[in-house]
There are 4 protein chains.
Amino acid sequence: MTDLVARTRAFVREVVMPAEPGWGESIASDALERLRDAARDAGVYAPHAPVEYGGLGLPITQWSRVFQEAGYSPVGAAALGCMAPDEGNMRLLELVADDDQKERWLAPLVRGEQRSSFAMTEPHPGAGSDPAALATAARRVDGGWIIEGRKRFISGAETADFAIVMARTDEVGGATMLLTRLDAPGITVGPSIRTIESAIGGGHPYVTFDGCFVPDADVLGEPGAGFRYAQVRLAPARLTHCMRWLGLARRAHDTALDRANGRELFGERLRDLGVAQALIADSEIDLATSDAMIDAAVAAVDSGDTRAASTLSSIAKVHCSEAVFRVIDRAVQLCGGDGVSSGLPLIQFLNEVRPFRIYDGSSESHRWAIARRAASARERAVQAGAPRLDVVTP
Amino acid sequence: MTDLVARTRAFVREVVMPAEPGWGESIASDALERLRDAARDAGVYAPHAPVEYGGLGLPITQWSRVFQEAGYSPVGAAALGCMAPDEGNMRLLELVADDDQKERWLAPLVRGEQRSSFAMTEPHPGAGSDPAALATAARRVDGGWIIEGRKRFISGAETADFAIVMARTDEVGGATMLLTRLDAPGITVGPSIRTIESAIGGGHPYVTFDGCFVPDADVLGEPGAGFRYAQVRLAPARLTHCMRWLGLARRAHDTALDRANGRELFGERLRDLGVAQALIADSEIDLATSDAMIDAAVAAVDSGDTRAASTLSSIAKVHCSEAVFRVIDRAVQLCGGDGVSSGLPLIQFLNEVRPFRIYDGSSESHRWAIARRAASARERAVQAGAPRLDVVTP
Amino acid sequence: MTDLVARTRAFVREVVMPAEPGWGESIASDALERLRDAARDAGVYAPHAPVEYGGLGLPITQWSRVFQEAGYSPVGAAALGCMAPDEGNMRLLELVADDDQKERWLAPLVRGEQRSSFAMTEPHPGAGSDPAALATAARRVDGGWIIEGRKRFISGAETADFAIVMARTDEVGGATMLLTRLDAPGITVGPSIRTIESAIGGGHPYVTFDGCFVPDADVLGEPGAGFRYAQVRLAPARLTHCMRWLGLARRAHDTALDRANGRELFGERLRDLGVAQALIADSEIDLATSDAMIDAAVAAVDSGDTRAASTLSSIAKVHCSEAVFRVIDRAVQLCGGDGVSSGLPLIQFLNEVRPFRIYDGSSESHRWAIARRAASARERAVQAGAPRLDVVTP
Amino acid sequence: MTDLVARTRAFVREVVMPAEPGWGESIASDALERLRDAARDAGVYAPHAPVEYGGLGLPITQWSRVFQEAGYSPVGAAALGCMAPDEGNMRLLELVADDDQKERWLAPLVRGEQRSSFAMTEPHPGAGSDPAALATAARRVDGGWIIEGRKRFISGAETADFAIVMARTDEVGGATMLLTRLDAPGITVGPSIRTIESAIGGGHPYVTFDGCFVPDADVLGEPGAGFRYAQVRLAPARLTHCMRWLGLARRAHDTALDRANGRELFGERLRDLGVAQALIADSEIDLATSDAMIDAAVAAVDSGDTRAASTLSSIAKVHCSEAVFRVIDRAVQLCGGDGVSSGLPLIQFLNEVRPFRIYDGSSESHRWAIARRAASARERAVQAGAPRLDVVTP
């Protein structure tokens with residue numbers, strides 16, 4: 001594994017970084033394709049995907065260091081074929097799809113011939129902070145399902161070939177995941193939604209389903225099991241986001257350290273000025289605790305303990321999304337005027353990661369869920385016999 | 001005064017807000033001129049400037065509420081002729097310029113016929129965080145001074161007519177302020193520096209002085225008194241920044257409150273969900289303490305106690321720049337996906353205010369100065385007889 | 001006023017500080033009486049109380065600097081007769097009591113011949129965070145009222161002579177305030193509740209009312225107006241707490257500055273080590289914003305705008321209680337091992353102020369109220385015509 | 001291991017907790033001895049110590065969960081024989097002592113027949129934040145060494161049987177560790193220093209060495225290797241502190257959860273009130289990140305990579321010491337008046353952990369070291385060829 005970390009590190013720093021898009025721009029499609037070809041040649045492409053479909057087959061417990069290296073560039077994960085939402089979709093397909101589906105949908109995705117989206121989020125009052133509010137519906141017809149509804153913030157849909165669509169299926173209860181090409185009849189991609197992050201193209205558009213037919217062969221897993229599969233996808237997808245952004249935070253922090261080492265102020269090196277030291281130390285703490293928290297959450301995912309995986313990945317998501325924002329924000333601060341202008345990429349990095357505190361469940365939604373789960377777990381413990389600790393002694 | 005607050009409020013909300021530039025864009029010059037004409041007609045233009053030169057003559061102790069109303073739009077202060085750096089330059093000219101200079105430089109500035117810059121900051125290792133490192137120099141020649149040097153981050157210089165230039169004048173000791181048109185021989189404006197804020201044009205370019213001649217009549221105040229005048233300009237200029245940005249933070253907070261009042265989640269209004277309440281309350285505290293701190297610092301400026309003015313305006317600058325950032329950041333958070341996309345202006349507001357934690361002295365530079373001043377003040381108190389309090393009793 | 005500030009400052013530092021109780025102890029009654037006599041002699045006693053009853057008659061807008069000087073010692077306000085709950089009770093009596101009551105209850109209180117309590121808080125589920133849950137009741141009888149119920153956390157009741165009791169009076173609606181001696185029949189003071197703060201005696205015991213008779217002449221103000229009077233008392237009482245504790249925070253901060261100035265580490269003065277500078281600067285910011293926020297809230301109280309007074313005093317209470325805790329906590333940190341041991345009083349100061357984040361409404365209760373008020377105020381503004389700002393543009 | 005966790009958990013909750021000392025008191029010696037006997041009987045005593053000397057031989061990678069269970073009571077670790085400084089001394093002796101020393105010093109320590117101290121810290125200007133300032137010296141004499149000097153904050157020395165003393169040994173260079181009984185001639189224990197934590201007796205007194213003779217047989221390891229051994233002891237000792245205090249933070253958090261589950265306010269359970277949820281969620285995040293960070297640092301210690309062990313244990317120490325303080329502080333807040341009074345132990349827990357932010361290197365000292373190490377590591381990377389990232393593009 002160490003070897004793959006080192007090779008990914010070298011590839012990202014030597015090949016990807018020189019090809020990054022300009023300040024506030026997205027990487028061009030052809031530039032990205034060239035990077036992907038180079039990644040394949042370098043043997044670092046699709047590290048997380050199954051070997052039988054063309055990936056490197058790295059077990060999830062070893063993803064973090066590789067994904068952090070990928071994330072050192074805002075386009076690194078895209079170059080390596082392990083960016084969202086493709087990476088999460090690959091894992092979901094690997095775990096849930098049947099062999100035929102794997103051949104038709106997973107294989108071209110791993111090979112980088114196709115791109116994908118995950119169509120779950122809806123305009124208010126649909127599935128957003130509250131997934132149970134899912135409004136898009138699929139109804140049973142002969143040989144398949146007809147989807148009606150509207151999705152929003154569907155990352156990558158403007159350039160994706162297909163999508164995994166989450167739809168309420170009242171006839172079987174619950175929700176169901178369905179695979180469909182995005183150029184299928186009855187699907188409209190757009191209008192676009194401009195967001196503040198820009199490095200990766202594909203947008204976050206609306207996607208409208210108006211009588212879109214999906215044959216039974218393209219139902220992913222069991223009809224009605226959609227919410228369960230969403231959980232399967234969710235915890236690791238949160239964590240790979242954390243890994244990639246943590247890599248970008250390391251890049252920003254290294255930039256700040258270079259400035260602190262190289263810049264003199266008031267006759268001293270910036271690194272020796274105390275207020276700078278406090279910023280550097282706090283960023284080191286944020287980086288190390290994020291790294292450790294990711295490992296702890298990945299271990300829970302790997303153990304198969306879904307309750308622990310859900311809780312710890314939720315905590316990791318909140319902590320990391322806030323920590324990487326703070327780290328990059330401090331780097332901006334340490335670089336002064338250069339930090340907020342186009343001579344350095346730092347303020348763009350800040351804009352790249354800002355939405356992560358909102359996407360995949362906002363910090364507030366997660367905190368609410370974390371608190372509820374904690375209170376309920378303790379309540380169960382007390383009901384099981386643990387003495388209440390808040391009883392006041394006279 | 002209350003009346004002017006109300007009229008400014010109405011003007012900004014009814015006239016300026018509908019004319020704001022699009023997401024990530026700058027206001028067009030002609031649109032800005034139309035707003036300024038409308039502001040003059042509405043009797044709200046140049047509230048802070050002296051009546052004899054065309055302003056409304058509001059005393060500094062009453063600026064805050066008016067400037068906050070102006071700042072409710074990112075282009076409000078520009079529309080009202082009280083944006084930086086013009087507003088700070090007007091005050092400096094009012095306090096230091098002679099009558100002839102006031103007629104030639106101040107009057108057209110107040111009337112909005114001209115725009116100005118303040119050319120102090122230099123590329124490293126010149127005047128940046130450490131003003132004493134001033135490298136641009138003016139040498140004495142017959143009838144005036146010749147300026148040589150390079151400035152950077154000179155806000156507004158791309159569209160300004162003239163600048164107040166800070167230059168080392170070794171022949172008289174210290175530094176001197178000089179007035180010069182920016183199209184004068186020996187001055188090159190540019191290259192531009194792209195920064196993350198965008199609402200107001202004019203840029204933050206490099207300005208190079210290569211043998212630029214300034215006649216004695218355009219020396220501002222006493223030769224050699226430049227650093228003292230810089231202080232005169234500095235404290236109020238920091239505070240008017242605080243006032244304007246505080247207004248923008250109120251706008252973002254109002255936006256978040258509208259969302260909290262209008263949006264339902266999990267069957268409750270967002271305003272009744274606790275984690276949202278914590279964000280709202282913290283923003284209220286940030287807004288109220290910023291408002292109070294500005295008033296306290298303005299009172300110190302108005303009292304003529306320059307040490308207190310410097311200390312308190314420094315504290316106000318750090319507190320407000322960080323508080324407005326937090327308030328807007330929380331508003332982004334409360335608006336979820338809309339907070340980071342182009343349907344709402346919030347993430348652009350965040351980018352507008354981010355540099356304020358760096359410009360006019362970074363939070364770190366100010367903290368460093370605040371700590372030193374506090375330690376020295378206490379040291380003087382102890383030397384004057386106050387018992388040392390840290391002596392350990394056995 | 002300045003003169004009284006200076007005299008209070010001198011008295012507290014020269015007379016009170018040498019008489020402070022030992023580490024973790026309460027001041028002895030006789031020592032306190034001697035300090036009060038000295039304060040009367042020095043003309044600094046009861047600065048806030050009406051002149052006709054023996055106070056110095058300082059208007060509320062001038063209390064802050066005097067009370068901060070008093071608070072520089074944890075027993076300063078007690079020595080000067082302006083500690084809680086006496087000080088708040090004096091103000092309430094001054095504003096609400098009739099002349100006869102002022103003579104019988106206010107005058108001896110101002111003269112320091114008697115001490116008082118304010119009996120509002122009750123054991124759960126009575127009046128605590130939620131005052132509307134008031135359970136103690138007074139029922140109408142011939143010539144007066146009979147009180148039944150139980151109070152808790154009644155500060156000072158162990159040494160107080162009388163109390164103002166808040167009781168539900170269903171026969172007239174709402175609640176009523178009643179004056180009663182604490183040695184009256186039907187009143188039991190105790191058991192004690194040990195709390196972590198210790199400098200001032202008097203405790204925070206339970207007080208039980210079992211058939212306690214209060215004659216009509218001792219009803220404070222209008223029957224049924226108790227909640228309104230509680231508001232009258234509340235906002236200023238919160239603010240005087242802020243003032244006093246802010247004084248103690250200044251003392252801790254001065255102690256830390258003395259240590260930073262006097263201690264060398266790694267060959268540099270502690271004050272020149274950056275991480276220390278960050279702590280010092282943050283404390284300066286906390287002190288200055290607290291001071292400014294108190295002034296802003298006092299101005300609102302003084303203006304008679306009860307809604308603004310309530311909101312701003314609530315914000316001031318949260319901000320100051322948290323800021324003074326942080327300032328003292330940083331001082332502990334800067335003094336290292338001495339900070340947590342008996343050679344310095346700092347850790348005891350931290351314990352003195354810790355409860356202030358809970359008493360008089362916890363930070364959480366206040367935040368909850370602040371958020372609700374802010375959301376409602378904005379809702380009214382929108383209903384009155386302000387355009388909703390959270391409408392997403394397509 | 002799981003079994004030992006469960007048994008420790010049961011023992012601490014069922015046997016130790018009922019025997020805890022009263023509010024603000026220390027556990028009595030005989031009560032502690034009884035607990036230790038019970039722990040031996042229950043097979044949970046000295047989990048970390050080598051089996052050949054009477055411990056349970058748990059590898060360091062498995063300490064955390066056991067020590068957290070021990071720390072659930074403030075006297076749990078003392079009852080289990082794994083409290084500081086004994087536990088750190090045992091590990092040091094295990095790694096450095098020769099067999100004879102192990103028999104004479106380690107064995108009785110593991111068996112609980114003796115207690116120990118670690119005498120390194122000195123009064124200013126000796127070894128404190130800056131260990132290099134070590135002033136206590138040992139000079140070579142026939143057959144041994146003579147120690148002269150003064151130590152301070154020597155935890156447990158008032159009841160300890162022996163100490164490991166750190167002394168400068170100029171004749172061999174560097175410092176040397178020496179073992180001595182504390183009742184040896186030339187040693188004075190005292191005066192005491194009262195500190196704010198109280199649960200465990202033994203104090204933190206001064207210890208003075210005035211001609212104390214230590215024979216060669218009691219020199220620990222190599223003469224002159226003291227600083228290296230101090231590092232060996234330091235990283236794990238920091239981490240076991242983190243583990244124990246994290247356990248206490250879990251206890252406080254459980255107390256708060258019980259209150260949140262059981263208390264109604266404004267007609268809702270406290271757990272459903274949002275501001276409470278924010279506190280609970282933040283504590284969950286603090287607990288989980290502390291737990292993960294401890295594991296990451298322990299893994300580094302276990303790997304033998306001393307640089308990583310030092311950096312990560314330093315980061316863990318800062319993060320955990322601040323996190324456990326915040327968690328207990330929030331628990332105090334959630335329990336309101338009970339949180340700061342003697343009906344619950346919470347405020348005492350807060351006082352128990354407050355010094356941990358200072359002992360073993362203050363947060364500020366660690367941050368300073370963390371920042372320096374980070375800047376230097378990056379400097380080495382750049383010198384080894386990594387491109388500087390802070391170069392501004394034109």
# chains A, B, ... in the order shown; residues from 1 in each chain; ligands from 1
call {"tool": "closest_atom_pairs", "arguments": {"of": "chain A", "to": "chain C", "cutoff": "6 Å", "atoms": "only C-alpha atoms", "output": "Markdown table"}}
result
| residue | atom | partner | partner_atom | distance |
| --- | --- | --- | --- | --- |
| A:Leu273 | CA | C:Gly274 | CA | 5.6 |
| A:Gly274 | CA | C:Gly274 | CA | 2.5 |
| A:Val275 | CA | C:Gly274 | CA | 5.0 |
| A:Ala278 | CA | C:Val275 | CA | 5.6 |
call {"tool": "select_by_dssp", "arguments": {"residues": "range 124-349 of chain A", "states": "helix (DSSP H, G or I)", "output": "VMD selection string"}}
result
chain A and resid 131 to 133 216 to 218 226 to 262 270 to 272 274 to 303 306 to 334 336 to 339 346 to 349
call {"tool": "write_last_selection", "arguments": {"atoms": "C-alpha atoms", "output": "mmCIF file, in the first residue's frame"}}
result
data_model
loop_
_atom_site.group_PDB
_atom_site.id
_atom_site.type_symbol
_atom_site.label_atom_id
_atom_site.label_comp_id
_atom_site.auth_asym_id
_atom_site.auth_seq_id
_atom_site.Cartn_x
_atom_site.Cartn_y
_atom_site.Cartn_z
ATOM 1 C CA PRO A 131 -34.684 12.159 3.251
ATOM 2 C CA ALA A 132 -38.067 10.828 4.364
ATOM 3 C CA ALA A 133 -39.700 13.661 2.443
ATOM 4 C CA ASP A 216 -36.817 -4.192 -14.362
ATOM 5 C CA ALA A 217 -33.298 -5.136 -15.359
ATOM 6 C CA ASP A 218 -32.141 -1.700 -14.271
ATOM 7 C CA GLY A 226 -33.607 2.113 -1.428
ATOM 8 C CA PHE A 227 -33.238 3.754 1.960
ATOM 9 C CA ARG A 228 -31.135 0.871 3.196
ATOM 10 C CA TYR A 229 -28.862 1.066 0.164
ATOM 11 C CA ALA A 230 -28.643 4.841 0.600
ATOM 12 C CA GLN A 231 -27.194 4.178 4.029
ATOM 13 C CA VAL A 232 -24.720 1.705 2.528
ATOM 14 C CA ARG A 233 -23.573 4.389 0.128
ATOM 15 C CA LEU A 234 -23.754 7.266 2.578
ATOM 16 C CA ALA A 235 -21.250 6.497 5.306
ATOM 17 C CA PRO A 236 -18.293 5.679 3.020
ATOM 18 C CA ALA A 237 -19.179 8.500 0.620
ATOM 19 C CA ARG A 238 -19.014 10.975 3.476
ATOM 20 C CA LEU A 239 -15.668 9.594 4.500
ATOM 21 C CA THR A 240 -14.081 9.706 1.049
ATOM 22 C CA HIS A 241 -15.147 13.347 0.853
ATOM 23 C CA CYS A 242 -13.352 13.875 4.148
ATOM 24 C CA MET A 243 -10.229 12.148 2.833
ATOM 25 C CA ARG A 244 -10.065 14.164 -0.376
ATOM 26 C CA TRP A 245 -10.709 17.512 1.287
ATOM 27 C CA LEU A 246 -8.232 16.700 4.016
ATOM 28 C CA GLY A 247 -5.654 16.349 1.277
ATOM 29 C CA LEU A 248 -6.531 19.789 -0.035
ATOM 30 C CA ALA A 249 -6.264 21.197 3.467
ATOM 31 C CA ARG A 250 -2.780 19.709 3.723
ATOM 32 C CA ARG A 251 -1.872 21.504 0.508
ATOM 33 C CA ALA A 252 -3.132 24.821 1.889
ATOM 34 C CA HIS A 253 -1.304 24.215 5.148
ATOM 35 C CA ASP A 254 1.942 23.414 3.332
ATOM 36 C CA THR A 255 1.524 26.646 1.404
ATOM 37 C CA ALA A 256 1.131 28.538 4.660
ATOM 38 C CA LEU A 257 4.169 26.797 6.152
ATOM 39 C CA ASP A 258 6.233 27.752 3.113
ATOM 40 C CA ARG A 259 5.170 31.336 3.633
ATOM 41 C CA ALA A 260 5.884 31.142 7.355
ATOM 42 C CA ASN A 261 9.328 29.712 6.687
ATOM 43 C CA GLY A 262 10.192 32.095 3.904
ATOM 44 C CA LEU A 270 6.925 34.697 10.275
ATOM 45 C CA ARG A 271 7.196 31.186 11.713
ATOM 46 C CA ASP A 272 8.757 32.656 14.825
ATOM 47 C CA GLY A 274 3.666 33.921 17.999
ATOM 48 C CA VAL A 275 0.313 34.693 16.558
ATOM 49 C CA ALA A 276 1.361 32.796 13.436
ATOM 50 C CA GLN A 277 2.495 29.896 15.589
ATOM 51 C CA ALA A 278 -0.928 29.667 17.178
ATOM 52 C CA LEU A 279 -2.544 29.405 13.739
ATOM 53 C CA ILE A 280 -0.070 26.769 12.576
ATOM 54 C CA ALA A 281 -0.504 24.694 15.711
ATOM 55 C CA ASP A 282 -4.278 24.810 15.517
ATOM 56 C CA SER A 283 -4.117 23.645 11.920
ATOM 57 C CA GLU A 284 -1.811 20.782 12.843
ATOM 58 C CA ILE A 285 -4.314 19.746 15.479
ATOM 59 C CA ASP A 286 -7.185 19.978 13.017
ATOM 60 C CA LEU A 287 -5.312 17.891 10.460
ATOM 61 C CA ALA A 288 -4.238 15.200 12.897
ATOM 62 C CA THR A 289 -7.623 14.845 14.592
ATOM 63 C CA SER A 290 -9.352 14.700 11.209
ATOM 64 C CA ASP A 291 -6.986 12.017 10.022
ATOM 65 C CA ALA A 292 -7.494 9.986 13.185
ATOM 66 C CA MET A 293 -11.261 10.431 13.138
ATOM 67 C CA ILE A 294 -11.466 9.268 9.522
ATOM 68 C CA ASP A 295 -9.525 6.115 10.406
ATOM 69 C CA ALA A 296 -11.816 5.428 13.343
ATOM 70 C CA ALA A 297 -14.935 5.849 11.212
ATOM 71 C CA VAL A 298 -13.537 3.729 8.373
ATOM 72 C CA ALA A 299 -12.775 0.976 10.874
ATOM 73 C CA ALA A 300 -16.404 1.080 11.968
ATOM 74 C CA VAL A 301 -17.596 0.877 8.346
ATOM 75 C CA ASP A 302 -15.233 -2.005 7.734
ATOM 76 C CA SER A 303 -16.408 -3.836 10.851
ATOM 77 C CA THR A 306 -23.804 -0.123 10.805
ATOM 78 C CA ARG A 307 -24.906 1.853 13.849
ATOM 79 C CA ALA A 308 -21.327 2.684 14.792
ATOM 80 C CA ALA A 309 -20.500 3.367 11.148
ATOM 81 C CA SER A 310 -23.358 5.791 10.848
ATOM 82 C CA THR A 311 -22.573 7.620 14.084
ATOM 83 C CA LEU A 312 -18.831 7.822 13.592
ATOM 84 C CA SER A 313 -19.027 8.783 9.925
ATOM 85 C CA SER A 314 -21.478 11.499 10.867
ATOM 86 C CA ILE A 315 -19.094 12.811 13.523
ATOM 87 C CA ALA A 316 -16.175 12.535 11.112
ATOM 88 C CA LYS A 317 -18.092 14.457 8.469
ATOM 89 C CA VAL A 318 -18.906 17.347 10.803
ATOM 90 C CA HIS A 319 -15.444 17.491 12.300
ATOM 91 C CA CYS A 320 -13.530 17.186 9.034
ATOM 92 C CA SER A 321 -15.701 19.546 7.008
ATOM 93 C CA GLU A 322 -15.277 22.214 9.667
ATOM 94 C CA ALA A 323 -11.611 21.439 10.292
ATOM 95 C CA VAL A 324 -10.566 21.602 6.635
ATOM 96 C CA PHE A 325 -12.397 24.901 6.297
ATOM 97 C CA ARG A 326 -10.548 26.271 9.307
ATOM 98 C CA VAL A 327 -7.188 25.010 8.057
ATOM 99 C CA ILE A 328 -7.587 26.626 4.655
ATOM 100 C CA ASP A 329 -8.984 29.768 6.226
ATOM 101 C CA ARG A 330 -5.901 30.031 8.447
ATOM 102 C CA ALA A 331 -3.659 29.482 5.436
ATOM 103 C CA VAL A 332 -5.415 32.359 3.666
ATOM 104 C CA GLN A 333 -4.789 34.466 6.736
ATOM 105 C CA LEU A 334 -1.106 33.550 6.963
ATOM 106 C CA GLY A 336 -2.163 37.930 3.786
ATOM 107 C CA GLY A 337 -3.133 39.779 0.630
ATOM 108 C CA ASP A 338 -1.858 36.921 -1.501
ATOM 109 C CA GLY A 339 -4.243 34.657 0.348
ATOM 110 C CA LEU A 346 -5.943 29.490 -1.442
ATOM 111 C CA ILE A 347 -9.139 31.507 -1.513
ATOM 112 C CA GLN A 348 -10.424 29.299 -4.317
ATOM 113 C CA PHE A 349 -9.653 26.268 -2.190
#
call {"tool": "residues_around", "arguments": {"residues": "Pro185 in chain A", "least_positions_apart": "2", "cutoff": "10 Å", "atoms": "only C-alpha atoms", "output": "MDAnalysis selection string"}}
result
chainID A and resid 181:183 187:188 209:213
call {"tool": "write_last_selection", "arguments": {"atoms": "C-alpha atoms", "output": "PDB file, in the first residue's frame"}}
result
ATOM      1  CA  ARG A 181     -29.113   6.842 -18.832  1.00  0.00           C
ATOM      2  CA  LEU A 182     -29.539  10.590 -18.552  1.00  0.00           C
ATOM      3  CA  ASP A 183     -30.337  10.941 -22.233  1.00  0.00           C
ATOM      4  CA  ILE A 187     -35.423  13.139 -18.585  1.00  0.00           C
ATOM      5  CA  THR A 188     -34.468  16.798 -18.703  1.00  0.00           C
ATOM      6  CA  PHE A 209     -38.252  13.004 -14.689  1.00  0.00           C
ATOM      7  CA  ASP A 210     -41.425  13.137 -16.716  1.00  0.00           C
ATOM      8  CA  GLY A 211     -42.586   9.645 -17.559  1.00  0.00           C
ATOM      9  CA  CYS A 212     -39.119   8.155 -17.697  1.00  0.00           C
ATOM     10  CA  PHE A 213     -39.299   4.362 -18.135  1.00  0.00           C
TER      11      PHE A 213
END
